[in-house]
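Novice: Let me begin by handing over the structure; questions about it come next.
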Amino acid sequence: MALKYGRALGKIVAANCQCRILTQQRCTTLKTIRTYSASTGDEEPTAAGQTVVSERRGAVVTVAINRPEVRNAVNQETARRLLEELQAFDSDPDLNVAVLHGKGGNFCAGYDLKMLANQKAPLKLEQDVTKGPGPMGPSRLQLSKPLIAAVSGFAVAGGLELALLADLRVVEESAVMGVFCRRFGVPLIDGGTVRLPRLIGLSRALDLILTGRPVGAQEALAYGLANRIVPDGQALQTAIQLAEQISAFPQQCLRTDRSSAMFSCYDAQSFTQAMQYEFDHGVQVIQAESIPGAIRFTSGAGRGGEFS
């Protein structure tokens with residue numbers, strides 16, 4: 001009798017152990033698909049229908065527009081979520097670089113014109129650019145940390161403006177950029193007329209703005225609109241690798257130099273003011289990062305132009 005009960009008890013214990021193992025396996029599977037959510041600051045499972053999906057990779061975060069059925073055209077909900085995610089990135093001390101991309105083979109086809117066409121009430125937009133988001137969401141931000149755009153497929157109209165928000169653009173060979181909204185009387189009100197001339201010069205910018213013509217990857221590279229060209233399907237991977245490389249540098253120095261370049265380009269009233277800004281902010285880095293860096297160099301690090 002004791003042997004009979006012992007065998008039964010053994011089966012129960014074995015079943016419980018198997019249940020625990022299966023539960024652990026399910027938990028492990030869930031953990032592999034968790035993404036970062038700016039709304040909570042925590043990780044959460046990717047949800048179907050989520051218009052923007054973000055994922056942490058160490059000190060790098062990827063932010064994806066997730067409306068592939070409309071070539072990632074941005075509606076109001078998507079604009080709001082993009083703004084939230086990039087604001088969360090900029091304020092998170094554990095994140096150094098963000099990568100913006102689109103799901104399903106396209107970066108972004110601009111604002112959702114079907115939604116605009118069916119808009120019954122007048123579209124409400126914040127008219128003071130210092131107080132609220134742009135129609136595309138984060139276009140009015142002045143980020144304090146680098147943003148890289150991984151461009152595939154179409155990056156046109158407002159999608160081009162989102163790409164211009166980035167510090168660097170990694171562009172796939174078949175990608176197409178352009179002011180396609182020219183055909184439909186939709187203006188550039190997300191920084192397109194501000195950033196594009198700064199990046200590629202007024203003459204070339206006006207060529208694109210006035211004609212709305214498509215620009216391929218090679219021409220974009222020649223213009224300075226693209227920083228890297230990669231084979232199709234590799235923009236995101238290359239952008240992440242570039243982000244990780246940038247993230248590995250001393251960050252206070254990197255952000256100080258970036259801030260000075262931005263100030264010189266957009267805000268400085270004179271050469272002298274730009275030079276003073278550069279010195280005033282740069283000198284603060286010397287004690288914190290330059291001296292430790294010099295000590296590493298004298299110990300043999302970085303000799304011969306080595307970056308690893």
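For the structure tokens, the naming scheme is as follows: chains receive sequential letters (A, B, ...) according to their order of presentation, residues are indexed from 1 within each chain, and ligands are indexed from 1 in presentation order.
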Extract, using only C-alpha atoms, all DNA, RNA and protein residues at most 9 Å from stretch 281-295 of chain A, discarding same-chain residues fewer than 4 positions from it, and format them as a ChimeraX atom specification.
Specialist: /A:250-253,256-257,259-260,276-277,299-301
Novice: Limited to N, CA, C and O atoms, could you put the picked residues into a file as a compact mmCIF listing (two decimals), in the first residue's frame?
Specialist:
# COMPACT_ATOMS: atom_id res chain seq x y z
N PRO A 250 32.94 59.04 -24.54
CA PRO A 250 32.60 59.86 -23.37
C PRO A 250 31.44 60.80 -23.71
O PRO A 250 31.55 61.62 -24.63
N GLN A 251 30.35 60.68 -22.98
CA GLN A 251 29.10 61.31 -23.41
C GLN A 251 29.01 62.81 -23.11
O GLN A 251 28.42 63.56 -23.89
N GLN A 252 29.59 63.27 -22.03
CA GLN A 252 29.50 64.71 -21.73
C GLN A 252 30.22 65.51 -22.81
O GLN A 252 29.70 66.52 -23.31
N CYS A 253 31.37 65.06 -23.22
CA CYS A 253 32.13 65.73 -24.26
C CYS A 253 31.39 65.67 -25.59
O CYS A 253 31.27 66.68 -26.31
N THR A 256 28.39 67.96 -25.56
CA THR A 256 28.81 69.36 -25.56
C THR A 256 29.20 69.81 -26.95
O THR A 256 28.80 70.89 -27.42
N ASP A 257 29.97 69.00 -27.66
CA ASP A 257 30.37 69.34 -29.02
C ASP A 257 29.17 69.36 -29.96
O ASP A 257 29.06 70.24 -30.84
N SER A 259 26.06 70.03 -29.08
CA SER A 259 25.28 71.21 -28.74
C SER A 259 25.90 72.47 -29.35
O SER A 259 25.20 73.35 -29.86
N SER A 260 27.22 72.56 -29.34
CA SER A 260 27.90 73.72 -29.91
C SER A 260 27.69 73.80 -31.41
O SER A 260 27.46 74.88 -31.97
N GLN A 276 32.41 81.78 -28.57
CA GLN A 276 32.32 81.91 -27.11
C GLN A 276 31.50 80.78 -26.50
O GLN A 276 31.85 80.24 -25.44
N TYR A 277 30.42 80.42 -27.17
CA TYR A 277 29.58 79.31 -26.71
C TYR A 277 30.40 78.03 -26.69
O TYR A 277 30.34 77.25 -25.72
N SER A 299 48.52 55.67 -21.23
CA SER A 299 48.66 54.25 -20.86
C SER A 299 48.65 53.33 -22.08
O SER A 299 48.75 52.12 -21.94
N GLY A 300 48.46 53.91 -23.28
CA GLY A 300 48.53 53.12 -24.50
C GLY A 300 47.22 52.97 -25.25
O GLY A 300 47.20 52.39 -26.35
N ALA A 301 46.12 53.47 -24.69
CA ALA A 301 44.82 53.34 -25.37
C ALA A 301 44.74 54.25 -26.58
O ALA A 301 45.21 55.38 -26.56
Novice: Stretch 213-252 of chain A: which residues are alpha helix (DSSP H) by DSSP, as a VMD selection string?
Specialist: chain A and resid 217 to 223 235 to 247 251 to 252
Novice: Next, the residues of the selection above should be written as a compact mmCIF listing (two decimals), in the first residue's frame with N, CA, C and O atoms.
Specialist:
# COMPACT_ATOMS: atom_id res chain seq x y z
N ALA A 217 18.87 57.31 -53.28
CA ALA A 217 19.89 57.23 -52.24
C ALA A 217 21.21 57.87 -52.67
O ALA A 217 21.84 58.59 -51.89
N GLN A 218 21.65 57.61 -53.89
CA GLN A 218 22.93 58.13 -54.34
C GLN A 218 22.93 59.66 -54.41
O GLN A 218 23.89 60.31 -54.00
N GLU A 219 21.85 60.23 -54.92
CA GLU A 219 21.75 61.69 -54.96
C GLU A 219 21.67 62.26 -53.55
O GLU A 219 22.28 63.30 -53.26
N ALA A 220 20.94 61.58 -52.68
CA ALA A 220 20.85 62.03 -51.28
C ALA A 220 22.22 62.03 -50.63
O ALA A 220 22.55 62.94 -49.85
N LEU A 221 23.04 61.03 -50.93
CA LEU A 221 24.39 60.98 -50.38
C LEU A 221 25.24 62.11 -50.92
O LEU A 221 25.98 62.78 -50.17
N ALA A 222 25.14 62.38 -52.22
CA ALA A 222 25.91 63.47 -52.83
C ALA A 222 25.50 64.82 -52.25
O ALA A 222 26.34 65.72 -52.10
N TYR A 223 24.24 64.97 -51.90
CA TYR A 223 23.73 66.22 -51.33
C TYR A 223 24.11 66.39 -49.86
O TYR A 223 24.10 67.50 -49.34
N ALA A 235 19.40 48.90 -43.13
CA ALA A 235 19.47 50.24 -42.53
C ALA A 235 19.37 50.19 -41.02
O ALA A 235 20.15 50.85 -40.31
N LEU A 236 18.42 49.43 -40.50
CA LEU A 236 18.22 49.40 -39.05
C LEU A 236 19.44 48.80 -38.36
O LEU A 236 19.93 49.36 -37.37
N GLN A 237 19.93 47.67 -38.85
CA GLN A 237 21.09 47.03 -38.24
C GLN A 237 22.31 47.96 -38.25
O GLN A 237 23.02 48.10 -37.25
N THR A 238 22.55 48.62 -39.39
CA THR A 238 23.69 49.54 -39.49
C THR A 238 23.51 50.74 -38.57
O THR A 238 24.47 51.19 -37.93
N ALA A 239 22.29 51.25 -38.50
CA ALA A 239 22.02 52.41 -37.63
C ALA A 239 22.24 52.05 -36.16
O ALA A 239 22.78 52.85 -35.39
N ILE A 240 21.84 50.85 -35.77
CA ILE A 240 22.04 50.42 -34.39
C ILE A 240 23.54 50.28 -34.10
O ILE A 240 24.01 50.70 -33.03
N GLN A 241 24.29 49.71 -35.01
CA GLN A 241 25.74 49.58 -34.83
C GLN A 241 26.39 50.95 -34.71
O GLN A 241 27.27 51.17 -33.87
N LEU A 242 25.95 51.89 -35.53
CA LEU A 242 26.47 53.26 -35.47
C LEU A 242 26.10 53.90 -34.13
O LEU A 242 26.92 54.59 -33.51
N ALA A 243 24.87 53.67 -33.68
CA ALA A 243 24.42 54.21 -32.39
C ALA A 243 25.25 53.65 -31.24
O ALA A 243 25.63 54.37 -30.31
N GLU A 244 25.56 52.35 -31.30
CA GLU A 244 26.36 51.73 -30.25
C GLU A 244 27.79 52.29 -30.24
O GLU A 244 28.39 52.48 -29.18
N GLN A 245 28.32 52.55 -31.43
CA GLN A 245 29.66 53.15 -31.52
C GLN A 245 29.66 54.54 -30.89
O GLN A 245 30.55 54.88 -30.10
N ILE A 246 28.67 55.36 -31.23
CA ILE A 246 28.57 56.70 -30.67
C ILE A 246 28.35 56.66 -29.17
O ILE A 246 28.89 57.47 -28.41
N SER A 247 27.56 55.69 -28.73
CA SER A 247 27.24 55.55 -27.31
C SER A 247 28.45 55.18 -26.47
O SER A 247 28.47 55.43 -25.25
N GLN A 251 30.35 60.68 -22.98
CA GLN A 251 29.10 61.31 -23.41
C GLN A 251 29.01 62.81 -23.11
O GLN A 251 28.42 63.56 -23.89
N GLN A 252 29.59 63.27 -22.03
CA GLN A 252 29.50 64.71 -21.73
C GLN A 252 30.22 65.51 -22.81
O GLN A 252 29.70 66.52 -23.31
Novice: Could you tell me which of A:Ser174, A:Val186, A:Val60, A:Glu77 comes closest to A:Leu147 if we count only C-alpha atoms?
Specialist: A:Val60
Novice: Excluding same-chain residues fewer than 3 positions from stretch 106-119 of chain A, what lies within 7 Å of it counting only C-alpha atoms, as a list in words?
Specialist: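 Result of the neighbour search: Arg71, Asn72, Ala73, Val74, Asn75, His101, Gly102, Lys103, Met136, Val151, Ser152, Gly153, Phe154, Ala155, Val156, Ala157, Gly158 and Gly159 of chain A.
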Novice: Can those selected residues be exported to a file as a compact mmCIF listing (two decimals), in the first residue's frame so that it contains all heavy atoms?
Specialist:
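Resulting contents of again32.txt:
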# COMPACT_ATOMS: atom_id res chain seq x y z
N ARG A 71 2.04 52.61 -45.17
CA ARG A 71 3.43 53.03 -45.36
C ARG A 71 3.90 53.94 -44.22
O ARG A 71 4.64 54.88 -44.41
CB ARG A 71 3.62 53.71 -46.70
CG ARG A 71 3.48 52.76 -47.89
CD ARG A 71 3.69 53.45 -49.22
NE ARG A 71 3.67 52.48 -50.31
CZ ARG A 71 3.71 52.79 -51.60
NH1 ARG A 71 3.75 54.07 -51.95
NH2 ARG A 71 3.70 51.85 -52.52
N ASN A 72 3.39 53.65 -43.03
CA ASN A 72 3.76 54.36 -41.81
C ASN A 72 3.41 55.84 -41.84
O ASN A 72 4.10 56.67 -41.23
CB ASN A 72 5.25 54.15 -41.50
CG ASN A 72 5.55 52.72 -41.11
OD1 ASN A 72 4.79 52.08 -40.39
ND2 ASN A 72 6.65 52.18 -41.63
N ALA A 73 2.33 56.17 -42.55
CA ALA A 73 1.80 57.53 -42.47
C ALA A 73 1.38 57.81 -41.03
O ALA A 73 0.90 56.93 -40.32
CB ALA A 73 0.61 57.69 -43.42
N VAL A 74 1.56 59.04 -40.61
CA VAL A 74 1.36 59.41 -39.20
C VAL A 74 -0.01 60.04 -39.00
O VAL A 74 -0.37 61.01 -39.68
CB VAL A 74 2.48 60.39 -38.76
CG1 VAL A 74 2.15 61.02 -37.40
CG2 VAL A 74 3.82 59.68 -38.72
N ASN A 75 -0.79 59.47 -38.08
CA ASN A 75 -2.03 60.12 -37.65
C ASN A 75 -1.79 60.79 -36.30
O ASN A 75 -0.66 60.80 -35.79
CB ASN A 75 -3.18 59.11 -37.59
CG ASN A 75 -2.87 57.94 -36.65
OD1 ASN A 75 -1.92 57.98 -35.86
ND2 ASN A 75 -3.69 56.89 -36.72
N HIS A 101 12.93 54.47 -36.97
CA HIS A 101 12.74 53.72 -38.21
C HIS A 101 11.27 53.38 -38.38
O HIS A 101 10.44 53.69 -37.52
CB HIS A 101 13.59 52.44 -38.21
CG HIS A 101 13.18 51.41 -37.20
ND1 HIS A 101 12.55 50.23 -37.54
CD2 HIS A 101 13.28 51.39 -35.84
CE1 HIS A 101 12.31 49.52 -36.46
NE2 HIS A 101 12.73 50.20 -35.41
N GLY A 102 10.95 52.76 -39.52
CA GLY A 102 9.58 52.37 -39.80
C GLY A 102 9.47 50.87 -39.99
O GLY A 102 10.36 50.24 -40.55
N LYS A 103 8.39 50.29 -39.54
CA LYS A 103 8.14 48.86 -39.71
C LYS A 103 7.63 48.57 -41.12
O LYS A 103 6.94 49.38 -41.73
CB LYS A 103 7.10 48.38 -38.69
CG LYS A 103 7.55 48.43 -37.24
CD LYS A 103 8.36 47.21 -36.89
CE LYS A 103 8.58 47.11 -35.38
NZ LYS A 103 9.36 45.93 -35.02
N MET A 136 3.50 66.28 -36.98
CA MET A 136 4.12 64.95 -37.05
C MET A 136 4.58 64.46 -35.68
O MET A 136 5.12 63.37 -35.56
CB MET A 136 5.30 64.97 -38.01
CG MET A 136 4.92 65.23 -39.47
SD MET A 136 3.95 63.90 -40.22
CE MET A 136 5.16 62.58 -40.27
N VAL A 151 16.53 54.73 -42.74
CA VAL A 151 15.56 55.03 -43.79
C VAL A 151 15.48 53.89 -44.80
O VAL A 151 16.47 53.56 -45.46
CB VAL A 151 15.92 56.35 -44.51
CG1 VAL A 151 14.92 56.63 -45.61
CG2 VAL A 151 15.95 57.50 -43.51
N SER A 152 14.29 53.33 -44.94
CA SER A 152 14.00 52.33 -45.96
C SER A 152 12.75 52.77 -46.70
O SER A 152 11.92 53.52 -46.17
CB SER A 152 13.80 50.95 -45.34
OG SER A 152 12.72 50.99 -44.41
N GLY A 153 12.59 52.30 -47.94
CA GLY A 153 11.39 52.62 -48.68
C GLY A 153 11.19 54.11 -48.85
O GLY A 153 12.10 54.85 -49.22
N PHE A 154 9.97 54.57 -48.54
CA PHE A 154 9.63 55.98 -48.71
C PHE A 154 9.86 56.78 -47.42
O PHE A 154 9.43 56.38 -46.35
CB PHE A 154 8.17 56.13 -49.14
CG PHE A 154 7.92 55.74 -50.57
CD1 PHE A 154 7.38 54.51 -50.89
CD2 PHE A 154 8.25 56.61 -51.61
CE1 PHE A 154 7.16 54.14 -52.20
CE2 PHE A 154 8.03 56.26 -52.93
CZ PHE A 154 7.49 55.02 -53.23
N ALA A 155 10.56 57.90 -47.56
CA ALA A 155 10.67 58.91 -46.50
C ALA A 155 10.31 60.23 -47.16
O ALA A 155 11.18 60.98 -47.61
CB ALA A 155 12.08 58.95 -45.92
N VAL A 156 9.03 60.48 -47.25
CA VAL A 156 8.55 61.59 -48.07
C VAL A 156 7.59 62.48 -47.28
O VAL A 156 7.00 62.07 -46.29
CB VAL A 156 7.84 61.05 -49.34
CG1 VAL A 156 8.84 60.30 -50.22
CG2 VAL A 156 6.67 60.14 -48.99
N ALA A 157 7.47 63.73 -47.78
CA ALA A 157 6.59 64.72 -47.15
C ALA A 157 6.95 64.86 -45.66
O ALA A 157 8.10 65.10 -45.33
CB ALA A 157 5.13 64.34 -47.37
N GLY A 158 5.97 64.66 -44.77
CA GLY A 158 6.27 64.74 -43.35
C GLY A 158 7.26 63.69 -42.89
O GLY A 158 7.96 63.87 -41.90
N GLY A 159 7.32 62.56 -43.62
CA GLY A 159 8.32 61.54 -43.30
C GLY A 159 9.72 62.03 -43.55
O GLY A 159 10.66 61.70 -42.81
Novice: I'd like the contact shell of A:Arg204 - 12 Å cut-off, only C-alpha atoms, skipping same-chain residues fewer than 3 positions apart - returned as number ranges by chain.
Specialist: A: 178, 193, 196-201, 207-213, 215, 219-220, 222-225
Novice: The selected residues should be written to file as a CSV table (one decimal), in the first residue's frame (atoms: N, CA and C atoms).
Specialist:
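Saved file selection-v5.csv follows:
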chain,number,residue,atom,x,y,z
A,178,GLY,N,11.7,62.8,-50.6
A,178,GLY,CA,11.2,63.9,-51.4
A,178,GLY,C,10.0,64.6,-50.7
A,193,THR,N,11.3,73.3,-44.1
A,193,THR,CA,11.9,74.5,-44.8
A,193,THR,C,13.0,75.1,-43.9
A,196,LEU,N,16.1,71.5,-43.9
A,196,LEU,CA,16.6,71.1,-45.2
A,196,LEU,C,17.7,72.1,-45.8
A,197,PRO,N,17.4,73.4,-45.8
A,197,PRO,CA,18.4,74.3,-46.4
A,197,PRO,C,19.7,74.3,-45.5
A,198,ARG,N,19.6,74.1,-44.2
A,198,ARG,CA,20.8,74.0,-43.4
A,198,ARG,C,21.6,72.8,-43.7
A,199,LEU,N,20.9,71.7,-44.0
A,199,LEU,CA,21.7,70.5,-44.3
A,199,LEU,C,22.3,70.4,-45.6
A,200,ILE,N,21.6,70.9,-46.7
A,200,ILE,CA,22.1,70.7,-48.0
A,200,ILE,C,22.3,72.0,-48.8
A,201,GLY,N,22.0,73.1,-48.2
A,201,GLY,CA,22.1,74.4,-48.9
A,201,GLY,C,20.8,74.8,-49.5
A,207,ASP,N,15.3,73.3,-54.9
A,207,ASP,CA,15.0,72.3,-56.0
A,207,ASP,C,14.0,71.2,-55.5
A,208,LEU,N,14.3,70.7,-54.3
A,208,LEU,CA,13.4,69.7,-53.8
A,208,LEU,C,12.1,70.2,-53.3
A,209,ILE,N,12.1,71.4,-52.7
A,209,ILE,CA,10.8,71.9,-52.1
A,209,ILE,C,9.9,72.4,-53.2
A,210,LEU,N,10.4,73.0,-54.3
A,210,LEU,CA,9.6,73.6,-55.3
A,210,LEU,C,9.1,72.5,-56.3
A,211,THR,N,9.9,71.5,-56.6
A,211,THR,CA,9.5,70.5,-57.6
A,211,THR,C,8.8,69.3,-56.9
A,212,GLY,N,9.1,69.0,-55.6
A,212,GLY,CA,8.6,67.8,-55.0
A,212,GLY,C,9.1,66.5,-55.5
A,213,ARG,N,10.1,66.6,-56.4
A,213,ARG,CA,10.6,65.4,-57.1
A,213,ARG,C,11.2,64.3,-56.2
A,215,VAL,N,14.0,61.8,-54.7
A,215,VAL,CA,15.5,61.8,-54.6
A,215,VAL,C,15.9,60.4,-54.2
A,219,GLU,N,21.8,60.2,-54.9
A,219,GLU,CA,21.8,61.7,-55.0
A,219,GLU,C,21.7,62.3,-53.6
A,220,ALA,N,20.9,61.6,-52.7
A,220,ALA,CA,20.8,62.0,-51.3
A,220,ALA,C,22.2,62.0,-50.6
A,222,ALA,N,25.1,62.4,-52.2
A,222,ALA,CA,25.9,63.5,-52.8
A,222,ALA,C,25.5,64.8,-52.2
A,223,TYR,N,24.2,65.0,-51.9
A,223,TYR,CA,23.7,66.2,-51.3
A,223,TYR,C,24.1,66.4,-49.9
A,224,GLY,N,24.4,65.3,-49.2
A,224,GLY,CA,24.6,65.3,-47.7
A,224,GLY,C,23.3,65.1,-47.0
A,225,LEU,N,22.3,64.7,-47.7
A,225,LEU,CA,21.0,64.3,-47.1
A,225,LEU,C,21.1,63.0,-46.4
Novice: Rounded to one decimal, what separation in Å do you get between atom CA of A:Phe263 and atom CA of A:Gln142?
Specialist: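 If I compute the distance from atom CA of A:Phe263 to atom CA of A:Gln142, I get 10.6 Å.
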Novice: Give me, as a ChimeraX atom specification, the residues of stretch 96-175 of chain A that a backbone DSSP run labels strand (DSSP E).
Specialist: /A:97-102,147-151,154-156,168-172
Novice: Just give me the gap between atom CA of A:Ala163 and atom CA of A:Ile148 in Å, one decimal is fine.
Specialist: 8.3 Å
Novice: In Å, how far is it from atom CA of A:Asp128 to atom CA of A:Asp92?
Specialist: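 If I compute the distance from atom CA of A:Asp128 to atom CA of A:Asp92, I get 26.0 Å.
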Novice: Applying 12 Å and only C-alpha atoms, which residues near A:Lys124 remain after dropping the ones on its own chain fewer than 4 positions away? List them as an mmCIF file with N, CA, C and O atoms, in the first residue's frame.
Specialist:
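Just written: result03.cif:
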data_model
loop_
_atom_site.group_PDB
_atom_site.id
_atom_site.type_symbol
_atom_site.label_atom_id
_atom_site.label_comp_id
_atom_site.auth_asym_id
_atom_site.auth_seq_id
_atom_site.Cartn_x
_atom_site.Cartn_y
_atom_site.Cartn_z
ATOM 1 N N GLN A 76 -2.835 61.318 -35.707
ATOM 2 C CA GLN A 76 -2.659 62.076 -34.461
ATOM 3 C C GLN A 76 -2.146 61.207 -33.323
ATOM 4 O O GLN A 76 -1.300 61.628 -32.538
ATOM 5 N N LEU A 116 -6.886 63.202 -42.843
ATOM 6 C CA LEU A 116 -7.094 64.638 -43.022
ATOM 7 C C LEU A 116 -8.297 64.901 -43.920
ATOM 8 O O LEU A 116 -9.098 65.812 -43.659
ATOM 9 N N GLN A 119 -11.531 64.475 -42.033
ATOM 10 C CA GLN A 119 -11.626 65.259 -40.798
ATOM 11 C C GLN A 119 -12.895 66.114 -40.842
ATOM 12 O O GLN A 119 -13.059 66.960 -41.732
ATOM 13 N N LYS A 120 -13.800 65.901 -39.922
ATOM 14 C CA LYS A 120 -15.060 66.645 -39.909
ATOM 15 C C LYS A 120 -14.908 67.997 -39.227
ATOM 16 O O LYS A 120 -15.438 69.002 -39.682
ATOM 17 N N GLY A 132 3.992 73.403 -27.952
ATOM 18 C CA GLY A 132 3.342 72.135 -28.230
ATOM 19 C C GLY A 132 3.996 71.378 -29.357
ATOM 20 O O GLY A 132 4.929 71.860 -29.997
ATOM 21 N N PRO A 133 3.476 70.182 -29.626
ATOM 22 C CA PRO A 133 4.056 69.331 -30.664
ATOM 23 C C PRO A 133 3.708 69.822 -32.061
ATOM 24 O O PRO A 133 2.727 70.539 -32.266
ATOM 25 N N GLY A 134 4.507 69.399 -33.043
ATOM 26 C CA GLY A 134 4.171 69.648 -34.428
ATOM 27 C C GLY A 134 3.164 68.622 -34.904
ATOM 28 O O GLY A 134 2.876 67.646 -34.214
ATOM 29 N N PRO A 135 2.591 68.819 -36.102
ATOM 30 C CA PRO A 135 1.629 67.848 -36.622
ATOM 31 C C PRO A 135 2.182 66.430 -36.689
ATOM 32 O O PRO A 135 1.449 65.465 -36.454
#
